[in-house]
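K.L.:
Below is the file model_11.cif, with mmCIF, C-alpha atoms (C1' of nucleotides).
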data_model
loop_
_atom_site.label_atom_id
_atom_site.label_comp_id
_atom_site.auth_asym_id
_atom_site.auth_seq_id
_atom_site.Cartn_x
_atom_site.Cartn_y
_atom_site.Cartn_z
CA MET Z 148 -18.78 -21.26 -16.79
CA PRO Z 149 -19.94 -18.47 -14.51
CA GLU Z 150 -23.64 -17.94 -14.41
CA CYS Z 151 -23.73 -14.24 -13.74
CA LEU Z 152 -27.26 -14.21 -12.48
CA GLN Z 153 -27.17 -13.41 -8.86
CA SER Z 154 -27.56 -9.69 -9.16
CA PHE Z 155 -30.50 -9.82 -6.79
CA LYS Z 156 -28.80 -11.72 -3.99
CA GLN Z 157 -28.82 -10.17 -0.56
CA PHE Z 158 -25.44 -9.78 1.04
CA HIS Z 159 -24.94 -9.48 4.76
CA PHE Z 160 -21.67 -7.65 5.04
CA ASN Z 161 -19.73 -7.73 8.23
CA GLU Z 162 -17.87 -4.52 7.72
CA ALA Z 163 -15.79 -4.91 10.86
CA GLU Z 164 -14.53 -8.30 9.76
CA GLU Z 165 -13.84 -7.02 6.29
CA ARG Z 166 -11.67 -4.27 7.69
CA GLU Z 167 -10.00 -6.69 10.06
CA LEU Z 168 -9.08 -9.05 7.26
CA ALA Z 169 -7.92 -6.22 5.05
CA ALA Z 170 -5.69 -4.88 7.82
CA TYR Z 171 -4.04 -8.24 8.38
CA ALA Z 172 -3.55 -8.76 4.67
CA LYS Z 173 -2.14 -5.31 4.17
CA ALA Z 174 0.39 -5.87 6.92
CA ILE Z 175 1.52 -9.09 5.30
CA GLY Z 176 1.49 -7.52 1.86
CA HIS Z 177 5.19 -6.83 1.60
CA PRO Z 178 8.00 -9.32 0.93
CA ALA Z 179 10.16 -8.01 3.75
CA ARG Z 180 7.35 -8.47 6.23
CA VAL Z 181 6.60 -11.94 4.95
CA ARG Z 182 10.20 -12.80 5.57
CA LEU Z 183 10.12 -11.32 9.05
CA ILE Z 184 7.12 -13.45 9.88
CA ARG Z 185 8.81 -16.48 8.40
CA ILE Z 186 11.83 -15.94 10.60
CA LEU Z 187 9.78 -15.31 13.71
CA ALA Z 188 7.66 -18.36 12.99
CA GLY Z 189 10.81 -20.43 13.03
CA GLY Z 190 10.91 -20.28 16.80
CA GLY Z 191 10.80 -17.68 19.52
CA CYS Z 192 12.42 -14.47 18.55
CA LEU Z 193 15.68 -12.68 18.13
CA GLY Z 194 16.93 -9.23 18.76
CA SER Z 195 17.77 -7.58 15.54
CA ASP Z 196 19.63 -10.33 13.88
CA LEU Z 197 16.52 -9.63 11.91
CA VAL Z 198 18.36 -6.71 10.44
CA GLY Z 199 21.13 -9.06 9.41
CA GLN Z 200 18.80 -11.65 7.92
CA ILE Z 201 17.09 -9.06 5.77
CA GLY Z 202 19.14 -6.85 3.53
CA LEU Z 203 17.66 -3.58 4.71
CA ALA Z 204 18.68 -0.73 6.96
CA GLN Z 205 17.97 -0.96 10.67
CA SER Z 206 15.46 1.86 10.55
CA THR Z 207 13.61 0.19 7.69
CA VAL Z 208 13.38 -3.13 9.49
CA SER Z 209 12.20 -1.32 12.58
CA GLU Z 210 9.45 0.30 10.56
CA HIS Z 211 8.33 -3.04 9.12
CA LEU Z 212 8.26 -4.46 12.61
CA ARG Z 213 6.19 -1.51 13.73
CA VAL Z 214 3.65 -2.27 11.02
CA LEU Z 215 3.48 -5.89 12.08
CA LYS Z 216 3.10 -4.92 15.71
CA GLU Z 217 0.40 -2.41 14.88
CA ALA Z 218 -1.50 -5.09 13.00
CA GLY Z 219 -1.24 -7.31 16.06
CA LEU Z 220 0.80 -9.96 14.30
CA VAL Z 221 3.96 -9.52 16.29
CA HIS Z 222 4.76 -8.93 19.91
CA ALA Z 223 7.79 -7.10 21.24
CA GLU Z 224 9.27 -7.65 24.65
CA VAL Z 225 11.95 -5.21 25.68
CA GLN Z 226 14.92 -6.75 27.43
CA HIS Z 227 17.47 -4.15 28.35
CA PRO Z 228 19.40 -2.97 25.38
CA ARG Z 229 17.69 -5.33 23.00
CA THR Z 230 14.14 -6.32 22.20
CA CYS Z 231 12.71 -9.73 21.71
CA PHE Z 232 10.21 -10.11 18.89
CA SER Z 233 7.82 -12.96 18.57
CA LEU Z 234 4.86 -14.01 16.50
CA LYS Z 235 1.35 -13.93 17.84
CA PRO Z 236 -0.04 -17.20 16.56
CA GLU Z 237 -3.59 -16.27 17.53
CA ALA Z 238 -3.44 -13.47 15.02
CA LEU Z 239 -2.46 -15.82 12.21
CA ASP Z 240 -5.16 -18.23 13.34
CA ARG Z 241 -7.63 -15.40 13.16
CA LEU Z 242 -6.42 -14.36 9.73
CA GLN Z 243 -6.81 -17.87 8.41
CA ALA Z 244 -10.27 -18.12 9.91
CA LEU Z 245 -11.26 -14.82 8.31
CA LEU Z 246 -10.00 -16.04 4.96
CA VAL Z 247 -12.08 -19.17 5.24
CA SER Z 248 -15.20 -17.32 6.27
CA MET Z 249 -14.67 -14.86 3.46
CA ARG Z 250 -14.89 -17.67 0.97
CA ALA Z 251 -17.77 -19.45 2.59
CA GLY Z 252 -19.52 -16.37 3.99
CA MET S 215 8.00 -17.00 27.10
CA PRO S 216 10.06 -16.49 23.95
CA GLU S 217 13.51 -17.90 24.13
CA CYS S 218 15.27 -15.51 21.82
CA LEU S 219 18.19 -17.80 21.20
CA GLN S 220 18.00 -18.89 17.67
CA SER S 221 20.17 -16.22 16.17
CA PHE S 222 22.32 -18.88 14.57
CA LYS S 223 19.55 -20.78 12.84
CA GLN S 224 19.85 -21.22 9.11
CA PHE S 225 16.91 -20.07 7.09
CA HIS S 226 16.15 -21.35 3.65
CA PHE S 227 14.17 -18.55 2.13
CA ASN S 228 12.03 -19.16 -0.86
CA GLU S 229 12.07 -15.65 -2.18
CA ALA S 230 9.65 -16.41 -5.00
CA GLU S 231 7.07 -17.76 -2.59
CA GLU S 232 7.55 -14.84 -0.27
CA ARG S 233 6.85 -12.42 -3.09
CA GLU S 234 3.91 -14.51 -4.22
CA LEU S 235 2.34 -14.46 -0.78
CA ALA S 236 3.02 -10.77 -0.35
CA ALA S 237 1.38 -10.02 -3.68
CA TYR S 238 -1.76 -11.94 -2.81
CA ALA S 239 -1.93 -10.33 0.60
CA LYS S 240 -1.39 -6.88 -0.78
CA ALA S 241 -4.23 -7.35 -3.25
CA ILE S 242 -6.56 -8.39 -0.45
CA GLY S 243 -5.30 -5.62 1.80
CA HIS S 244 -8.14 -3.20 1.20
CA PRO S 245 -11.67 -3.35 2.57
CA ALA S 246 -13.27 -2.67 -0.79
CA ARG S 247 -11.40 -5.55 -2.37
CA VAL S 248 -12.28 -7.84 0.50
CA ARG S 249 -15.89 -7.02 -0.11
CA LEU S 250 -15.55 -7.61 -3.84
CA ILE S 251 -14.11 -11.03 -3.17
CA ARG S 252 -16.86 -11.71 -0.65
CA ILE S 253 -19.48 -10.89 -3.25
CA LEU S 254 -17.82 -12.89 -5.97
CA ALA S 255 -17.41 -15.84 -3.61
CA GLY S 256 -21.15 -15.82 -3.11
CA GLY S 257 -21.66 -17.44 -6.47
CA GLY S 258 -20.64 -16.92 -10.06
CA CYS S 259 -20.33 -13.30 -10.96
CA LEU S 260 -22.17 -10.17 -11.87
CA GLY S 261 -21.64 -7.36 -14.23
CA SER S 262 -21.17 -4.21 -12.34
CA ASP S 263 -23.89 -4.55 -9.86
CA LEU S 264 -20.62 -4.60 -8.03
CA VAL S 265 -20.59 -0.87 -8.39
CA GLY S 266 -23.98 -0.76 -6.78
CA GLN S 267 -23.06 -3.08 -3.93
CA ILE S 268 -20.04 -1.00 -3.03
CA GLY S 269 -20.43 2.69 -2.40
CA LEU S 270 -17.68 3.81 -4.77
CA ALA S 271 -17.44 5.33 -8.20
CA GLN S 272 -17.43 3.07 -11.23
CA SER S 273 -13.85 3.94 -12.09
CA THR S 274 -12.72 3.16 -8.57
CA VAL S 275 -14.40 -0.22 -8.55
CA SER S 276 -12.89 -0.93 -11.94
CA GLU S 277 -9.46 -0.15 -10.55
CA HIS S 278 -9.96 -2.44 -7.57
CA LEU S 279 -11.06 -5.17 -9.94
CA ARG S 280 -7.96 -4.55 -12.01
CA VAL S 281 -5.79 -5.08 -8.95
CA LEU S 282 -7.59 -8.31 -8.13
CA LYS S 283 -7.24 -9.51 -11.71
CA GLU S 284 -3.58 -8.61 -11.82
CA ALA S 285 -3.03 -10.60 -8.65
CA GLY S 286 -4.74 -13.55 -10.29
CA LEU S 287 -7.55 -13.65 -7.79
CA VAL S 288 -10.34 -12.73 -10.16
CA HIS S 289 -11.20 -13.62 -13.72
CA ALA S 290 -13.07 -11.41 -16.14
CA GLU S 291 -15.05 -12.69 -19.07
CA VAL S 292 -16.29 -10.07 -21.49
CA GLN S 293 -19.84 -10.58 -22.71
CA HIS S 294 -20.87 -7.85 -25.10
CA PRO S 295 -21.49 -4.63 -23.33
CA ARG S 296 -20.90 -6.07 -19.89
CA THR S 297 -18.24 -8.18 -18.23
CA CYS S 298 -18.66 -11.16 -16.01
CA PHE S 299 -16.34 -11.33 -13.01
CA SER S 300 -15.63 -14.43 -11.06
CA LEU S 301 -13.34 -15.68 -8.35
CA LYS S 302 -10.45 -17.97 -9.08
CA PRO S 303 -10.68 -20.42 -6.20
CA GLU S 304 -7.29 -21.95 -7.02
CA ALA S 305 -5.71 -18.63 -6.18
CA LEU S 306 -7.33 -18.55 -2.76
CA ASP S 307 -6.34 -22.17 -2.23
CA ARG S 308 -2.80 -21.21 -3.10
CA LEU S 309 -2.87 -18.23 -0.77
CA GLN S 310 -4.07 -20.36 2.10
CA ALA S 311 -1.40 -22.94 1.39
CA LEU S 312 1.27 -20.25 1.33
CA LEU S 313 0.04 -18.94 4.65
CA VAL S 314 0.27 -22.38 6.18
CA SER S 315 3.73 -23.04 4.82
CA MET S 316 4.85 -19.63 6.02
CA ARG S 317 3.98 -20.63 9.54
CA ALA S 318 5.39 -24.11 9.36
CA GLY S 319 8.19 -23.36 6.90
"C1'" DA W 41 -25.35 5.56 -39.44
"C1'" DG W 42 -26.66 6.58 -34.89
"C1'" DT W 43 -27.82 5.40 -30.05
"C1'" DA W 44 -27.43 3.29 -25.66
"C1'" DT W 45 -24.88 0.58 -22.36
"C1'" DT W 46 -20.96 -0.87 -19.81
"C1'" DA W 47 -16.14 -1.45 -18.60
"C1'" DA W 48 -11.67 0.42 -19.17
"C1'" DT W 49 -8.61 4.14 -19.31
"C1'" DC W 50 -6.84 8.93 -18.59
"C1'" DG W 51 -5.58 12.87 -15.91
"C1'" DT W 52 -5.42 14.76 -11.55
"C1'" DC W 53 -4.97 15.26 -6.71
"C1'" DA W 54 -4.22 13.95 -1.87
"C1'" DT W 55 -2.50 10.51 1.02
"C1'" DT W 56 0.27 6.69 2.25
"C1'" DT W 57 4.17 3.78 1.87
"C1'" DT W 58 8.96 2.61 1.42
"C1'" DG W 59 13.56 3.40 2.22
"C1'" DC W 60 17.52 5.73 3.98
"C1'" DG W 61 20.83 8.22 7.13
"C1'" DA W 62 21.08 10.61 11.35
"C1'" DT W 63 19.65 11.24 15.81
"C1'" DT W 64 17.71 9.96 20.22
"C1'" DA W 65 16.40 7.09 24.29
"C1'" DA W 66 17.28 3.34 27.52
"C1'" DC W 67 19.98 1.07 30.25
"C1'" DG W 68 23.75 -2.44 31.62
"C1'" DA W 69 28.41 -2.38 32.34
"C1'" DT W 70 32.77 -0.22 33.33
"C1'" DA G 88 29.72 9.57 35.16
"C1'" DT G 89 30.87 7.61 30.79
"C1'" DC G 90 30.66 4.17 27.27
"C1'" DG G 91 28.41 0.65 24.26
"C1'" DT G 92 24.75 -1.42 22.42
"C1'" DT G 93 20.25 -1.67 20.39
"C1'" DA G 94 15.69 -0.16 19.02
"C1'" DA G 95 12.89 3.67 18.06
"C1'" DT G 96 12.12 7.98 16.03
"C1'" DC G 97 12.84 12.01 12.97
"C1'" DG G 98 13.31 14.19 8.50
"C1'" DC G 99 13.11 13.65 3.94
"C1'" DA G 100 12.67 12.04 -0.90
"C1'" DA G 101 10.67 8.97 -4.17
"C1'" DA G 102 7.22 6.01 -5.38
"C1'" DA G 103 2.79 3.82 -4.99
"C1'" DT G 104 -2.13 3.92 -3.81
"C1'" DG G 105 -6.93 5.47 -3.59
"C1'" DA G 106 -10.45 8.08 -5.30
"C1'" DC G 107 -12.86 10.84 -8.53
"C1'" DG G 108 -14.89 12.82 -12.92
"C1'" DA G 109 -14.42 12.70 -17.75
"C1'" DT G 110 -13.37 10.32 -21.75
"C1'" DT G 111 -12.91 6.33 -24.72
"C1'" DA G 112 -13.80 1.68 -26.74
"C1'" DA G 113 -16.66 -1.97 -27.87
"C1'" DT G 114 -20.75 -3.69 -29.41
"C1'" DA G 115 -25.60 -4.85 -29.46
"C1'" DC G 116 -30.03 -2.50 -31.25
"C1'" DT G 117 -32.61 0.72 -33.88
#
Would you write the structure of this file as structure tokens?

P.N.:
Amino acid sequence: MPECLQSFKQFHFNEAEERELAAYAKAIGHPARVRLIRILAGGGCLGSDLVGQIGLAQSTVSEHLRVLKEAGLVHAEVQHPRTCFSLKPEALDRLQALLVSMRAG
Amino acid sequence: MPECLQSFKQFHFNEAEERELAAYAKAIGHPARVRLIRILAGGGCLGSDLVGQIGLAQSTVSEHLRVLKEAGLVHAEVQHPRTCFSLKPEALDRLQALLVSMRAG
DNA sequence: AGTATTAATCGTCATTTTGCGATTAACGAT
DNA sequence: ATCGTTAATCGCAAAATGACGATTAATACT
């Protein structure tokens, strides 16, 4: 079915957006991080019951959370001994928008 | 703003879907692959003008295409000396649906 | 049979990622 | 001042990824 005859087409690449989308996707690209997002999407946040919910060591969960924070998907609010993690919905909105625009371009 | 008091909530994880979403995201999680998808979304397919469009070696582009194929995002149809690559829109539909359900769960 | 073209594969190297245990830092409570 | 609790960080090992040049495979055309 594919026509294969658009070799000549001009593409206007938005390199910044491409990197932005890739960064979001990369952050989500691990089952443990998908699960973390799933949990955090299910309402506010929790300390590190996250560690309990996922079958991984505390340091490993912390690292995954770091990745998510670095990508801007998750926010951390320190509260005394524990920290409160929460999703940043705007980031997921943005990701979805980037996905759409990638297809429609 | 986050309430941080849902430690007790029960989560029904769909591990298969989590891995599925992570796999899609991981495949997209590289700028070169985002660009490949962008190009392929812009109509049918092309041989390896792809190599020209992206500033990478032929073997590298081939590897990125392999990743995209393995993730089910791209289809390859061999035509004599050259191969015709095309997007699989169902896969992107599925990815978007998984993203939505991850947020709403 | 021999040539040209194109994608895939191989081998290699450097870098990054994943995971763990152990340690550290912060800070409220005793 | 000491004790708990919790998250972050430090090393470290194993594995995966990204990139390249070189080689191979497949197949139309001479």

K.L.:
List, as a ChimeraX atom specification, every residue that the PyMOL selection byres ((chain S) within 12 of (chain G)) selects in the file provided.

P.N.:
/S:240-241,243-247,269-278,281,292-297

K.L.:
Would you kindly translate the PyMOL selection byres ((chain W) within 10 of (chain Z)) into the concrete residues it picks from this file, as a PyMOL selection string?

P.N.:
chain W and resi 58-61+66-68

K.L.:
For the selection just defined, write its residues with C-alpha atoms (C1' of nucleotides) to a file, as a compact mmCIF listing (two decimals), in the coordinates of the input.

P.N.:
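Once everything was written out, this is part-v3.txt:
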# COMPACT_ATOMS: atom_id res chain seq x y z
C1' DT W 58 8.96 2.61 1.42
C1' DG W 59 13.56 3.40 2.22
C1' DC W 60 17.52 5.73 3.98
C1' DG W 61 20.83 8.22 7.13
C1' DA W 66 17.28 3.34 27.52
C1' DC W 67 19.98 1.07 30.25
C1' DG W 68 23.75 -2.44 31.62

K.L.:
Can you pull out the residues contacting stretch 226-239 of chain S? Cut-off 9 Å, using all atoms listed in the file, and skip same-chain residues under 3 positions away; I want them as a PyMOL selection string.

P.N.:
(chain Z and resi 169+171-182+185) or (chain S and resi 242-243+282+285-287+305-306+308-309+312-313+316+319)

K.L.:
Provide the atom CA of S:Gln267 to atom C1' of W:DT52 distance in Å, to one decimal place.

P.N.:
26.2 Å

K.L.:
As an exercise, work out the distance from atom CA of Z:Gly189 to atom CA of Z:Ala223 in Å and give it to one decimal place.

P.N.:
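Between atom CA of Z:Gly189 and atom CA of Z:Ala223 the gap works out to 15.9 Å.
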
K.L.:
Contacts of S:Leu254 at 10 Å or less, counting all atoms listed in the file, minus same-chain residues fewer than 4 places along, as a list in words?

P.N.:
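Final neighbour list, sorted by chain and number: Cys151, Gln153 and Arg250 of chain Z; Val248, Arg249, Leu250, Gly258, Cys259, Leu260, Leu264, Val288, Phe299, Ser300, Leu301 and Lys302 of chain S.
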
K.L.:
Can you measure atom C1' of W:DA65 to atom CA of Z:Leu212 for me? One decimal in Å is fine.

P.N.:
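Going from atom C1' of W:DA65 over to atom CA of Z:Leu212, I get 18.3 Å.
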
K.L.:
Looking at only C-alpha atoms, which of Z:His222, Z:Glu237, Z:Arg213, Z:Cys231 is the one that sits closest to chain S?

P.N.:
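Among the listed residues, Z:Cys231 lies closest to chain S.
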
K.L.:
As lines of an AutoDock Vina configuration file, what would the box around stretch 241-252 of chain Z look like: edges along x, y and z, 3 Å added on every side, centre and edge lengths in Å to one decimal?

P.N.:
center_x = -13.0
center_y = -16.9
center_z = 7.1
size_x = 19.1
size_y = 11.1
size_z = 18.2
